[in-house]
$ cat final37.cif   # mmCIF, C-alpha atoms (C1' of nucleotides)
data_run
loop_
_atom_site.label_atom_id
_atom_site.label_comp_id
_atom_site.auth_asym_id
_atom_site.auth_seq_id
_atom_site.Cartn_x
_atom_site.Cartn_y
_atom_site.Cartn_z
CA MET E 1 116.48 99.93 151.12
CA PRO E 2 113.10 101.32 152.03
CA ARG E 3 110.00 99.25 151.93
CA PRO E 4 108.64 99.05 148.36
CA SER E 5 105.89 101.52 147.69
CA LEU E 6 102.42 100.40 146.74
CA LYS E 7 101.33 103.98 146.23
CA ASP E 8 100.44 103.69 142.57
CA GLN E 9 98.53 100.47 142.98
CA ARG E 10 96.68 101.47 146.14
CA SER E 11 95.88 104.88 144.74
CA ALA E 12 94.37 103.24 141.70
CA GLU E 13 92.31 100.86 143.83
CA ILE E 14 91.01 103.68 145.96
CA LEU E 15 90.21 105.82 142.93
CA ASP E 16 88.27 102.95 141.48
CA ALA E 17 86.24 102.60 144.67
CA TYR E 18 85.74 106.36 144.65
CA LEU E 19 84.48 106.14 141.10
CA THR E 20 81.98 103.49 142.10
CA CYS E 21 80.65 105.59 144.96
CA VAL E 22 80.36 108.74 142.89
CA ALA E 23 78.45 106.88 140.21
CA GLN E 24 76.13 105.51 142.86
CA PHE E 25 75.68 108.39 145.32
CA GLY E 26 76.86 111.46 143.44
CA LEU E 27 79.90 113.55 144.15
CA GLU E 28 78.80 114.90 147.54
CA GLY E 29 77.26 111.61 148.50
CA ALA E 30 80.56 109.77 148.12
CA THR E 31 81.69 110.11 151.71
CA GLN E 32 85.04 108.88 152.91
CA ASP E 33 83.37 106.15 154.93
CA ARG E 34 81.60 104.81 151.89
CA ILE E 35 84.74 104.98 149.78
CA ALA E 36 86.76 103.22 152.45
CA ALA E 37 84.13 100.50 152.76
CA GLN E 38 83.99 100.08 149.00
CA ALA E 39 87.78 99.87 148.80
CA GLN E 40 87.89 97.62 151.88
CA VAL E 41 90.42 99.79 153.65
CA LYS E 42 90.34 102.00 156.72
CA ARG E 43 89.40 105.60 156.22
CA PRO E 44 92.74 107.20 157.14
CA LEU E 45 94.30 105.44 154.18
CA LEU E 46 92.33 107.62 151.83
CA ARG E 47 94.03 110.64 153.27
CA HIS E 48 97.42 108.93 153.23
CA TYR E 49 97.25 108.22 149.51
CA LEU E 50 95.07 110.94 148.05
CA GLY E 51 95.12 113.79 150.56
CA ASN E 52 92.19 115.76 151.89
CA ARG E 53 88.80 116.06 150.33
CA ASP E 54 89.61 118.74 147.76
CA GLN E 55 92.68 116.84 146.68
CA MET E 56 90.62 113.69 146.39
CA VAL E 57 88.13 115.38 144.11
CA ALA E 58 90.96 116.77 142.01
CA ALA E 59 92.53 113.32 141.82
CA LEU E 60 89.22 111.82 140.75
CA ASN E 61 88.80 114.50 138.12
CA ASP E 62 92.22 113.70 136.70
CA HIS E 63 91.52 110.00 136.88
CA VAL E 64 88.21 110.27 135.08
CA ILE E 65 89.66 112.48 132.38
CA ASN E 66 92.71 110.30 131.93
CA THR E 67 90.79 107.08 131.60
CA PHE E 68 88.22 108.78 129.37
CA ASN E 69 91.03 110.00 127.11
CA ALA E 70 92.62 106.58 127.20
CA LYS E 71 89.32 105.05 126.13
CA THR E 72 89.18 107.56 123.32
CA ARG E 73 92.67 106.60 122.18
CA ASP E 74 91.73 102.93 122.31
CA LEU E 75 88.68 103.77 120.28
CA VAL E 76 90.80 105.54 117.71
CA GLN E 77 92.86 102.40 117.31
CA ALA E 78 89.77 100.28 116.90
CA LEU E 79 88.19 102.80 114.59
CA ASP E 80 91.20 102.70 112.29
CA THR E 81 90.35 99.14 111.37
CA VAL E 82 86.71 99.97 110.72
CA GLU E 83 85.52 100.12 107.15
CA THR E 84 81.77 100.65 107.45
CA PRO E 85 79.51 102.95 109.48
CA LEU E 86 77.74 99.86 110.79
CA ALA E 87 80.96 98.59 112.32
CA LEU E 88 81.55 101.97 113.92
CA VAL E 89 78.11 102.04 115.49
CA ASP E 90 78.34 98.50 116.75
CA LEU E 91 81.68 99.29 118.30
CA LEU E 92 79.94 101.90 120.45
CA PHE E 93 76.55 100.36 121.10
CA VAL E 94 76.94 96.60 120.94
CA ASP E 95 80.44 95.80 122.11
CA THR E 96 79.43 96.96 125.53
CA LYS E 97 81.65 94.61 127.48
CA GLU E 98 84.43 97.13 127.67
CA HIS E 99 82.34 100.09 128.62
CA ASP E 100 81.67 100.89 132.18
CA PRO E 101 78.86 103.37 132.86
CA ARG E 102 80.54 104.61 136.03
CA LEU E 103 82.95 106.66 134.00
CA LEU E 104 80.34 108.80 132.28
CA LEU E 105 78.21 109.02 135.40
CA ALA E 106 81.18 110.41 137.33
CA TRP E 107 81.97 112.64 134.38
CA GLN E 108 78.49 114.13 134.69
CA ALA E 109 78.71 114.45 138.46
CA LEU E 110 81.96 116.36 138.11
CA THR E 111 80.42 118.48 135.39
CA ALA E 112 77.98 119.94 137.89
CA THR E 113 80.86 121.51 139.81
CA ALA E 114 82.36 123.13 136.73
CA PRO E 115 81.01 126.64 137.44
CA GLU E 116 82.98 126.66 140.68
CA HIS E 117 86.12 125.10 139.17
CA PRO E 118 86.58 126.46 135.66
CA ASP E 119 89.86 124.60 135.15
CA ARG E 120 88.23 121.27 135.83
CA GLY E 121 85.33 122.20 133.60
CA ALA E 122 87.65 123.02 130.75
CA ALA E 123 89.42 119.68 131.08
CA LEU E 124 86.10 117.83 131.10
CA LEU E 125 84.91 119.69 128.03
CA ASP E 126 88.19 119.00 126.29
CA SER E 127 87.98 115.27 126.98
CA LEU E 128 84.57 115.15 125.35
CA ASP E 129 85.86 117.20 122.45
CA GLN E 130 88.65 114.68 121.87
CA PHE E 131 86.02 111.98 121.65
CA LEU E 132 84.06 114.04 119.13
CA ILE E 133 87.17 114.69 117.07
CA ALA E 134 87.97 110.98 116.98
CA LEU E 135 84.45 110.23 115.78
CA THR E 136 84.55 113.01 113.22
CA ASP E 137 87.87 111.88 111.80
CA THR E 138 86.68 108.34 111.35
CA LEU E 139 83.46 109.46 109.76
CA ARG E 140 85.41 111.66 107.36
CA ARG E 141 87.48 108.70 106.28
CA LEU E 142 84.35 106.65 105.64
CA ALA E 143 82.53 109.48 103.86
CA PRO E 144 85.08 111.83 102.31
CA GLU E 145 82.41 113.64 100.32
CA ALA E 146 80.45 114.89 103.31
CA THR E 147 80.80 118.50 104.38
CA PRO E 148 82.68 119.27 107.62
CA ALA E 149 79.53 120.68 109.18
CA THR E 150 77.58 117.52 108.46
CA LEU E 151 80.38 115.35 109.80
CA ARG E 152 80.42 117.27 113.06
CA ALA E 153 76.64 117.14 113.38
CA VAL E 154 76.59 113.38 112.88
CA ALA E 155 79.41 112.94 115.38
CA GLN E 156 77.55 115.05 117.94
CA GLY E 157 74.40 113.05 117.41
CA ILE E 158 76.17 109.72 117.82
CA SER E 159 78.02 110.99 120.85
CA SER E 160 74.87 112.24 122.54
CA ALA E 161 73.12 108.92 121.97
CA PHE E 162 76.12 107.10 123.37
CA VAL E 163 76.34 109.31 126.43
CA THR E 164 72.61 109.14 127.05
CA LEU E 165 72.77 105.37 127.15
CA ASP E 166 75.16 105.40 130.09
CA SER E 167 73.37 108.17 131.91
CA LEU E 168 70.16 106.14 131.80
CA SER E 169 71.75 103.00 133.17
CA PRO E 170 70.67 103.58 136.81
CA LEU E 171 67.06 103.54 135.62
CA ALA E 172 67.45 100.13 134.01
CA PRO E 173 65.62 101.20 130.84
CA PRO E 174 63.96 98.54 128.70
CA PRO E 175 66.47 96.86 126.42
CA ASN E 176 64.89 98.16 123.26
CA TRP E 177 65.99 101.68 124.19
CA ARG E 178 69.56 100.62 123.53
CA ALA E 179 68.51 99.23 120.18
CA GLU E 180 66.65 102.42 119.36
CA LEU E 181 69.55 104.67 120.27
CA ARG E 182 71.85 102.46 118.23
CA GLN E 183 69.42 102.72 115.34
CA ALA E 184 69.40 106.51 115.66
CA ALA E 185 73.18 106.54 115.40
CA LEU E 186 72.95 104.28 112.37
CA LEU E 187 70.42 106.54 110.69
CA LEU E 188 72.75 109.48 111.21
CA THR E 189 75.55 107.69 109.40
CA ARG E 190 73.19 107.07 106.50
CA CYS E 191 72.90 110.83 106.09
CA LEU E 192 76.58 110.86 105.22
CA GLU E 193 76.16 108.23 102.53
CA ASP E 194 73.34 110.20 100.98
CA ALA E 195 75.58 113.23 100.72
CA ALA E 196 78.29 111.23 98.96
CA MET Q 1 38.74 131.60 161.04
CA PRO Q 2 42.28 130.36 160.88
CA ARG Q 3 45.07 132.30 159.36
CA PRO Q 4 45.15 131.71 155.56
CA SER Q 5 47.60 129.09 154.49
CA LEU Q 6 50.48 129.93 152.19
CA LYS Q 7 51.48 126.31 152.04
CA ASP Q 8 51.18 125.86 148.32
CA GLN Q 9 52.98 129.05 147.44
CA ARG Q 10 55.77 128.68 149.97
CA SER Q 11 56.24 125.03 149.12
CA ALA Q 12 56.63 125.96 145.49
CA GLU Q 13 59.16 128.67 146.30
CA ILE Q 14 61.20 126.33 148.45
CA LEU Q 15 61.06 123.59 145.85
CA ASP Q 16 62.32 126.02 143.27
CA ALA Q 17 65.24 126.96 145.49
CA TYR Q 18 65.84 123.28 146.12
CA LEU Q 19 65.90 122.69 142.37
CA THR Q 20 68.49 125.42 141.94
CA CYS Q 21 70.74 123.95 144.59
CA VAL Q 22 70.48 120.41 143.26
CA ALA Q 23 71.37 121.59 139.76
CA GLN Q 24 74.36 123.43 141.18
CA PHE Q 25 75.67 121.12 143.92
CA GLY Q 26 74.08 117.78 143.22
CA LEU Q 27 71.49 115.99 145.29
CA GLU Q 28 73.68 115.34 148.36
CA GLY Q 29 75.33 118.74 148.05
CA ALA Q 30 72.01 120.55 148.34
CA THR Q 31 72.12 121.00 152.11
CA GLN Q 32 69.27 122.53 154.05
CA ASP Q 33 71.39 125.59 154.81
CA ARG Q 34 72.03 126.20 151.13
CA ILE Q 35 68.40 125.66 150.23
CA ALA Q 36 67.26 128.01 152.98
CA ALA Q 37 69.74 130.66 151.86
CA GLN Q 38 68.64 130.27 148.25
CA ALA Q 39 64.98 130.55 149.24
CA GLN Q 40 65.74 133.39 151.65
CA VAL Q 41 64.02 131.72 154.56
CA LYS Q 42 65.18 130.21 157.82
CA ARG Q 43 66.05 126.55 157.81
CA PRO Q 44 63.25 125.32 160.09
CA LEU Q 45 60.76 126.47 157.48
CA LEU Q 46 61.95 123.78 155.13
CA ARG Q 47 60.92 121.19 157.64
CA HIS Q 48 57.65 122.96 158.33
CA TYR Q 49 56.60 122.86 154.69
CA LEU Q 50 58.30 119.83 153.21
CA GLY Q 51 59.16 117.60 156.17
CA ASN Q 52 62.42 115.85 156.87
CA ARG Q 53 65.14 115.11 154.40
CA ASP Q 54 63.66 111.99 152.86
CA GLN Q 55 60.34 113.70 152.44
CA MET Q 56 62.08 116.66 150.85
CA VAL Q 57 63.76 114.44 148.30
CA ALA Q 58 60.48 112.73 147.57
CA ALA Q 59 58.80 116.12 147.16
CA LEU Q 60 61.53 117.24 144.80
CA ASN Q 61 61.18 114.05 142.82
CA ASP Q 62 57.45 114.65 142.45
CA HIS Q 63 58.03 118.28 141.58
CA VAL Q 64 60.59 117.51 138.90
CA ILE Q 65 58.43 114.82 137.39
CA ASN Q 66 55.32 116.96 137.50
CA THR Q 67 56.91 119.96 135.85
CA PHE Q 68 58.65 117.73 133.35
CA ASN Q 69 55.34 116.15 132.45
CA ALA Q 70 53.71 119.56 132.31
CA LYS Q 71 56.44 120.69 129.91
CA THR Q 72 55.75 117.63 127.83
CA ARG Q 73 52.06 118.44 127.72
CA ASP Q 74 52.83 122.01 126.72
CA LEU Q 75 55.09 120.65 124.05
CA VAL Q 76 52.30 118.43 122.76
CA GLN Q 77 50.10 121.48 122.39
CA ALA Q 78 52.81 123.35 120.53
CA LEU Q 79 53.64 120.32 118.43
CA ASP Q 80 50.04 120.04 117.30
CA THR Q 81 50.41 123.28 115.38
CA VAL Q 82 53.68 122.18 113.79
CA GLU Q 83 53.63 121.21 110.15
CA THR Q 84 57.28 120.60 109.33
CA PRO Q 85 60.16 118.73 110.96
CA LEU Q 86 62.16 121.95 110.91
CA ALA Q 87 59.58 123.64 113.09
CA LEU Q 88 59.66 120.73 115.52
CA VAL Q 89 63.42 120.87 115.83
CA ASP Q 90 63.50 124.61 116.28
CA LEU Q 91 60.89 124.31 118.97
CA LEU Q 92 63.31 122.17 120.96
CA PHE Q 93 66.67 123.68 120.10
CA VAL Q 94 66.10 127.32 119.26
CA ASP Q 95 63.16 128.49 121.28
CA THR Q 96 65.26 128.05 124.37
CA LYS Q 97 63.74 130.87 126.37
CA GLU Q 98 61.28 128.56 128.02
CA HIS Q 99 63.66 125.81 128.91
CA ASP Q 100 65.49 125.83 132.12
CA PRO Q 101 68.45 123.45 132.36
CA ARG Q 102 67.94 122.97 136.10
CA LEU Q 103 65.08 120.60 135.45
CA LEU Q 104 67.05 118.05 133.50
CA LEU Q 105 70.10 118.43 135.73
CA ALA Q 106 67.96 117.62 138.75
CA TRP Q 107 66.36 114.82 136.77
CA GLN Q 108 69.78 113.30 136.26
CA ALA Q 109 70.79 113.83 139.86
CA LEU Q 110 67.69 112.00 141.02
CA THR Q 111 68.34 109.29 138.48
CA ALA Q 112 71.52 108.34 140.30
CA THR Q 113 69.47 107.33 143.35
CA ALA Q 114 67.12 105.13 141.36
CA PRO Q 115 68.76 101.81 142.32
CA GLU Q 116 67.94 102.56 145.96
CA HIS Q 117 64.43 103.87 145.24
CA PRO Q 118 62.92 101.79 142.47
CA ASP Q 119 59.58 103.59 142.64
CA ARG Q 120 61.22 106.94 142.03
CA GLY Q 121 63.27 105.48 139.24
CA ALA Q 122 60.18 104.11 137.55
CA ALA Q 123 58.50 107.50 137.69
CA LEU Q 124 61.56 109.19 136.23
CA LEU Q 125 61.75 106.68 133.43
CA ASP Q 126 58.07 107.09 132.74
CA SER Q 127 58.35 110.87 132.50
CA LEU Q 128 61.03 110.49 129.86
CA ASP Q 129 58.94 107.91 128.07
CA GLN Q 130 56.04 110.33 127.90
CA PHE Q 131 58.33 112.83 126.25
CA LEU Q 132 59.44 110.21 123.75
CA ILE Q 133 55.87 109.23 123.01
CA ALA Q 134 54.94 112.84 122.37
CA LEU Q 135 57.83 113.20 119.96
CA THR Q 136 57.01 109.92 118.25
CA ASP Q 137 53.36 110.84 117.79
CA THR Q 138 54.19 114.15 116.21
CA LEU Q 139 56.76 112.59 113.93
CA ARG Q 140 54.21 110.00 112.83
CA ARG Q 141 51.79 112.73 111.89
CA LEU Q 142 54.49 114.47 109.83
CA ALA Q 143 55.72 111.25 108.22
CA PRO Q 144 52.89 108.70 108.17
CA GLU Q 145 54.82 106.38 105.86
CA ALA Q 146 57.70 105.75 108.22
CA THR Q 147 57.86 102.48 110.10
CA PRO Q 148 57.17 102.51 113.86
CA ALA Q 149 60.72 101.37 114.58
CA THR Q 150 62.19 104.22 112.60
CA LEU Q 151 59.91 106.73 114.28
CA ARG Q 152 61.03 105.58 117.72
CA ALA Q 153 64.68 105.65 116.73
CA VAL Q 154 64.41 109.18 115.42
CA ALA Q 155 62.57 110.27 118.55
CA GLN Q 156 65.25 108.69 120.75
CA GLY Q 157 67.97 110.43 118.79
CA ILE Q 158 66.31 113.83 119.01
CA SER Q 159 65.58 113.32 122.70
CA SER Q 160 69.16 112.38 123.50
CA ALA Q 161 70.52 115.40 121.67
CA PHE Q 162 68.06 117.60 123.54
CA VAL Q 163 68.95 116.13 126.91
CA THR Q 164 72.65 116.30 126.23
CA LEU Q 165 72.39 120.00 125.54
CA ASP Q 166 71.11 120.71 129.03
CA SER Q 167 73.49 118.34 130.73
CA LEU Q 168 76.43 120.16 129.15
CA SER Q 169 75.25 123.58 130.23
CA PRO Q 170 77.47 123.79 133.36
CA LEU Q 171 80.50 123.43 131.09
CA ALA Q 172 79.49 126.41 128.98
CA PRO Q 173 80.19 124.60 125.72
CA PRO Q 174 80.99 126.66 122.60
CA PRO Q 175 77.79 127.90 120.96
CA ASN Q 176 78.31 125.88 117.81
CA TRP Q 177 77.70 122.69 119.80
CA ARG Q 178 74.09 123.71 120.12
CA ALA Q 179 73.93 124.29 116.39
CA GLU Q 180 75.54 120.92 115.74
CA LEU Q 181 73.16 119.04 118.01
CA ARG Q 182 70.24 120.83 116.40
CA GLN Q 183 71.61 119.84 113.01
CA ALA Q 184 71.88 116.23 114.14
CA ALA Q 185 68.21 116.29 115.13
CA LEU Q 186 67.36 117.82 111.79
CA LEU Q 187 69.27 115.15 109.89
CA LEU Q 188 67.34 112.49 111.77
CA THR Q 189 64.05 113.95 110.64
CA ARG Q 190 65.33 113.81 107.06
CA CYS Q 191 65.59 110.05 107.42
CA LEU Q 192 61.82 109.98 107.83
CA GLU Q 193 61.24 111.93 104.65
CA ASP Q 194 63.46 109.55 102.74
CA ALA Q 195 61.38 106.65 103.88
CA ALA Q 196 58.18 108.34 102.69
"C1'" DC T 1 38.48 141.52 171.73
"C1'" DC T 2 39.04 136.42 171.66
"C1'" DA T 3 39.99 131.95 170.04
"C1'" DT T 4 42.03 129.36 166.55
"C1'" DT T 5 45.11 128.28 163.13
"C1'" DT T 6 49.20 129.22 160.55
"C1'" DA T 7 53.70 131.44 159.69
"C1'" DT T 8 58.05 132.28 161.42
"C1'" DT T 9 62.00 132.23 164.30
"C1'" DG T 10 65.12 130.50 167.98
"C1'" DT T 11 67.57 126.98 170.05
"C1'" DC T 12 69.40 122.61 171.46
"C1'" DA T 13 70.93 117.66 171.05
"C1'" DT T 14 72.29 114.10 167.98
"C1'" DT T 15 74.43 112.31 164.12
"C1'" DT T 16 77.54 112.46 160.33
"C1'" DT T 17 81.65 113.82 158.15
"C1'" DT T 18 86.02 115.47 158.03
"C1'" DG T 19 90.87 116.83 159.52
"C1'" DA T 20 94.82 115.68 161.91
"C1'" DC T 21 98.14 113.24 164.32
"C1'" DA T 22 100.32 109.41 166.96
"C1'" DA T 23 101.47 104.68 167.19
"C1'" DA T 24 102.12 100.15 165.51
"C1'" DT T 25 103.32 96.90 161.86
"C1'" DA T 26 105.84 95.26 157.86
"C1'" DA T 27 109.43 94.95 154.42
"C1'" DT T 28 113.81 95.94 152.51
"C1'" DG T 29 118.96 96.79 152.24
"C1'" DA T 30 123.10 97.09 154.64
"C1'" DT M 1 120.31 92.27 163.43
"C1'" DC M 2 119.52 97.11 162.65
"C1'" DA M 3 118.15 101.28 160.50
"C1'" DT M 4 115.10 103.20 157.33
"C1'" DT M 5 111.03 103.92 154.98
"C1'" DA M 6 106.29 102.80 153.83
"C1'" DT M 7 101.98 100.79 155.06
"C1'" DT M 8 98.29 100.37 158.14
"C1'" DT M 9 95.51 101.24 162.11
"C1'" DG M 10 93.67 103.79 166.18
"C1'" DT M 11 91.98 107.76 168.16
"C1'" DC M 12 90.45 112.31 169.10
"C1'" DA M 13 88.77 117.05 168.11
"C1'" DA M 14 86.41 120.15 165.07
"C1'" DA M 15 83.03 121.16 161.80
"C1'" DA M 16 78.88 120.36 159.21
"C1'" DA M 17 74.29 118.69 158.81
"C1'" DT M 18 70.11 117.09 160.48
"C1'" DG M 19 66.08 116.29 163.67
"C1'" DA M 20 63.13 117.99 166.91
"C1'" DC M 21 60.74 121.06 169.75
"C1'" DA M 22 59.37 125.42 172.02
"C1'" DA M 23 58.05 130.11 171.60
"C1'" DT M 24 56.63 134.20 169.25
"C1'" DA M 25 54.19 136.83 165.72
"C1'" DA M 26 50.43 137.31 162.51
"C1'" DA M 27 45.95 136.87 160.43
"C1'" DT M 28 41.21 135.50 160.16
"C1'" DG M 29 36.28 134.55 161.79
"C1'" DG M 30 33.22 135.11 165.37
#
$ encode --input "final37.cif" --output "structure tokens"
Amino acid sequence: MPRPSLKDQRSAEILDAYLTCVAQFGLEGATQDRIAAQAQVKRPLLRHYLGNRDQMVAALNDHVINTFNAKTRDLVQALDTVETPLALVDLLFVDTKEHDPRLLLAWQALTATAPEHPDRGAALLDSLDQFLIALTDTLRRLAPEATPATLRAVAQGISSAFVTLDSLSPLAPPPNWRAELRQAALLLTRCLEDAA
Amino acid sequence: MPRPSLKDQRSAEILDAYLTCVAQFGLEGATQDRIAAQAQVKRPLLRHYLGNRDQMVAALNDHVINTFNAKTRDLVQALDTVETPLALVDLLFVDTKEHDPRLLLAWQALTATAPEHPDRGAALLDSLDQFLIALTDTLRRLAPEATPATLRAVAQGISSAFVTLDSLSPLAPPPNWRAELRQAALLLTRCLEDAA
DNA sequence: CCATTTATTGTCATTTTTGACAAATAATGA
DNA sequence: TCATTATTTGTCAAAAATGACAATAAATGG
């Protein structure tokens, strides 16, 4: 009997616009006016759907972590069908259509506020840890002989190269940097084969 | 005959306080009030020494790039006395007394504004490239047989691990992450020895 | 002591950003 | 049609941040 609610859809649209602004202007630079313009809505709607500023930041934090974790789960699915380290690396560094740098840029922007919001910081750290665990598990399957310490080190190295690539995107680095970071990840996987 | 100028010293102090605030609150969150409080001066002094907001950001950009480049030059000096890959890695990942995470955090915060200020972005990219070149040169000396492409890839991998470490610092990651990233860098250097 | 230059502080107006609420519009079921 | 609920917009006040300028204090050379 009431009017049907668009809350979920509109909230998602606004969060996406928020994400864009944070990636572009930083967390404090993402003003409500900019978000509203990006989302093509009037400013009071932001409050209607997401609440005041603190609640908006909290909502963004949840959104970033949720989609990051979802991406990790998708990656796990894709990784399960992977049989070679090369395929794993290409999944991260070549198949770049799916990956949207805004997510990691916002992740980093939120990271800066972690000292003031320990709960948020813990969730951010955990989301990255899930990604590392997914990488480590896959690497273990591909190289069962490698020691746990080596597997973790390789996963950390690949992860850092992957994260660095997104964090550099605003600088428009020369294209060979992507190739070089991919190559670094590939070299790390070779270390596992040597151990086997 | 005039009163002696403290401009250089005061400017440096204020820039250091600015750096602290940007690392903590982001570029847009580093308000003049916070900077003044951090520097223990009155707000109008910021304007007196560094100018208006845009000029302050430009000054910070120069400061970050200059000190980053200075750190790179110091590193080159230290690297010249290094004879093993292990020593190189420990210089970056263990001898952490010298390194102050604020610098790279501010570097990343400024990076986000690069699309709007291409000149700043170019300078930021160049400062990172200098660091990469320094790493590559040292690696070439330690492993003359390695191909140029491999040297660059290893340098990129080490650099990304190093940068990641600082960017995670607000999250207070578990200490073994540092060890794992160091190990990843170490494994990359092993790839050079294999090639030789 | 005097003149000159700089450091430092005080203060105000303007702009930007946010918070909050009221009113209007639209859609659905009864 | 009517009542109900949700969406959307309009508007105002408060707070935060910046820009700009005047005025005072301090130090140096002559």
$ residues_near_point --input "final37.cif" --point "(104.9, 95.8, 159.8)" --cutoff "12 Å" --atoms "only C-alpha atoms (C1' of nucleotides)" --output "PyMOL selection string"
(chain E and resi 3) or (chain T and resi 24-28) or (chain M and resi 5-9)
$ resolve_selection --input "final37.cif" --expression "the PyMOL selection byres ((chain Q and resi 175-192) around 9)" --output "PDB file with C-alpha atoms, in the frame of the given file"
ATOM      1  CA  ALA E 149      79.530 120.680 109.180  1.00  0.00           C
ATOM      2  CA  THR E 150      77.580 117.520 108.460  1.00  0.00           C
ATOM      3  CA  ARG E 152      80.420 117.270 113.060  1.00  0.00           C
ATOM      4  CA  ALA E 153      76.640 117.140 113.380  1.00  0.00           C
ATOM      5  CA  VAL E 154      76.590 113.380 112.880  1.00  0.00           C
ATOM      6  CA  ALA E 155      79.410 112.940 115.380  1.00  0.00           C
ATOM      7  CA  GLN E 156      77.550 115.050 117.940  1.00  0.00           C
ATOM      8  CA  GLY E 157      74.400 113.050 117.410  1.00  0.00           C
ATOM      9  CA  ILE E 158      76.170 109.720 117.820  1.00  0.00           C
ATOM     10  CA  SER E 160      74.870 112.240 122.540  1.00  0.00           C
ATOM     11  CA  ALA E 184      69.400 106.510 115.660  1.00  0.00           C
ATOM     12  CA  LEU E 187      70.420 106.540 110.690  1.00  0.00           C
ATOM     13  CA  LEU E 188      72.750 109.480 111.210  1.00  0.00           C
ATOM     14  CA  ARG E 190      73.190 107.070 106.500  1.00  0.00           C
ATOM     15  CA  CYS E 191      72.900 110.830 106.090  1.00  0.00           C
TER      16      CYS E 191
ATOM     17  CA  PRO Q  85      60.160 118.730 110.960  1.00  0.00           C
ATOM     18  CA  LEU Q  86      62.160 121.950 110.910  1.00  0.00           C
ATOM     19  CA  VAL Q  89      63.420 120.870 115.830  1.00  0.00           C
ATOM     20  CA  ASP Q  90      63.500 124.610 116.280  1.00  0.00           C
ATOM     21  CA  LEU Q  92      63.310 122.170 120.960  1.00  0.00           C
ATOM     22  CA  PHE Q  93      66.670 123.680 120.100  1.00  0.00           C
ATOM     23  CA  VAL Q  94      66.100 127.320 119.260  1.00  0.00           C
ATOM     24  CA  LEU Q 139      56.760 112.590 113.930  1.00  0.00           C
ATOM     25  CA  LEU Q 142      54.490 114.470 109.830  1.00  0.00           C
ATOM     26  CA  ALA Q 143      55.720 111.250 108.220  1.00  0.00           C
ATOM     27  CA  GLU Q 145      54.820 106.380 105.860  1.00  0.00           C
ATOM     28  CA  ALA Q 146      57.700 105.750 108.220  1.00  0.00           C
ATOM     29  CA  THR Q 147      57.860 102.480 110.100  1.00  0.00           C
ATOM     30  CA  THR Q 150      62.190 104.220 112.600  1.00  0.00           C
ATOM     31  CA  LEU Q 151      59.910 106.730 114.280  1.00  0.00           C
ATOM     32  CA  ALA Q 153      64.680 105.650 116.730  1.00  0.00           C
ATOM     33  CA  VAL Q 154      64.410 109.180 115.420  1.00  0.00           C
ATOM     34  CA  ALA Q 155      62.570 110.270 118.550  1.00  0.00           C
ATOM     35  CA  GLY Q 157      67.970 110.430 118.790  1.00  0.00           C
ATOM     36  CA  ILE Q 158      66.310 113.830 119.010  1.00  0.00           C
ATOM     37  CA  SER Q 159      65.580 113.320 122.700  1.00  0.00           C
ATOM     38  CA  ALA Q 161      70.520 115.400 121.670  1.00  0.00           C
ATOM     39  CA  PHE Q 162      68.060 117.600 123.540  1.00  0.00           C
ATOM     40  CA  THR Q 164      72.650 116.300 126.230  1.00  0.00           C
ATOM     41  CA  LEU Q 165      72.390 120.000 125.540  1.00  0.00           C
ATOM     42  CA  ALA Q 172      79.490 126.410 128.980  1.00  0.00           C
ATOM     43  CA  PRO Q 173      80.190 124.600 125.720  1.00  0.00           C
ATOM     44  CA  PRO Q 174      80.990 126.660 122.600  1.00  0.00           C
ATOM     45  CA  GLU Q 193      61.240 111.930 104.650  1.00  0.00           C
ATOM     46  CA  ASP Q 194      63.460 109.550 102.740  1.00  0.00           C
ATOM     47  CA  ALA Q 195      61.380 106.650 103.880  1.00  0.00           C
ATOM     48  CA  ALA Q 196      58.180 108.340 102.690  1.00  0.00           C
TER      49      ALA Q 196
END
$ closest_residue --input "final37.cif" --among "E:Cys21, E:Leu46, E:Ala30, E:Ala78" --to "chain M" --atoms "all atoms listed in the file"
E:Leu46
$ residues_around --input "final37.cif" --residues "E:Lys71" --least-positions-apart "6" --cutoff "12 Å" --atoms "only C-alpha atoms (C1' of nucleotides)" --output "list in words"
Val64, Ile65, Gln77, Ala78, Leu79, Leu92, Glu98, His99, Asp100, Leu103, Leu104, Ser127, Leu128, Gln130, Phe131 and Ala134 of chain E
$ resolve_selection --input "final37.cif" --expression "the PyMOL selection byres ((chain M and resi 14) around 12)" --output "MDAnalysis selection string"
(chainID T and resid 17:20) or (chainID M and resid 12:13 15:16)
$ residues_around --input "final37.cif" --residues "E:Gln24" --least-positions-apart "2" --cutoff "12 Å" --atoms "all atoms listed in the file" --output "JSON, numbers by chain"
{"E": [17, 18, 19, 20, 21, 22, 26, 27, 28, 29, 30, 31, 34, 35, 38, 101, 102, 103, 104, 105, 106, 109, 167, 169, 170, 171], "Q": [27, 28, 109, 110, 111, 112, 113, 114, 115, 116]}
$ atom_distance --input "final37.cif" --atom1 "atom CA of Q:Ala122" --atom2 "atom CA of Q:Val76"
22.0 Å
$ atom_distance --input "final37.cif" --atom1 "atom CA of E:Leu135" --atom2 "atom CA of E:Trp107"
18.9 Å
$ residues_around --input "final37.cif" --residues "M:DA22" --least-positions-apart "6" --cutoff "12 Å" --atoms "only C-alpha atoms (C1' of nucleotides)" --output "tab-separated table (two decimals) with C-alpha atoms (C1' of nucleotides), in the coordinates of the input"
chain	number	residue	atom	x	y	z
T	9	DT	C1'	62.00	132.23	164.30
T	10	DG	C1'	65.12	130.50	167.98
T	11	DT	C1'	67.57	126.98	170.05
T	12	DC	C1'	69.40	122.61	171.46
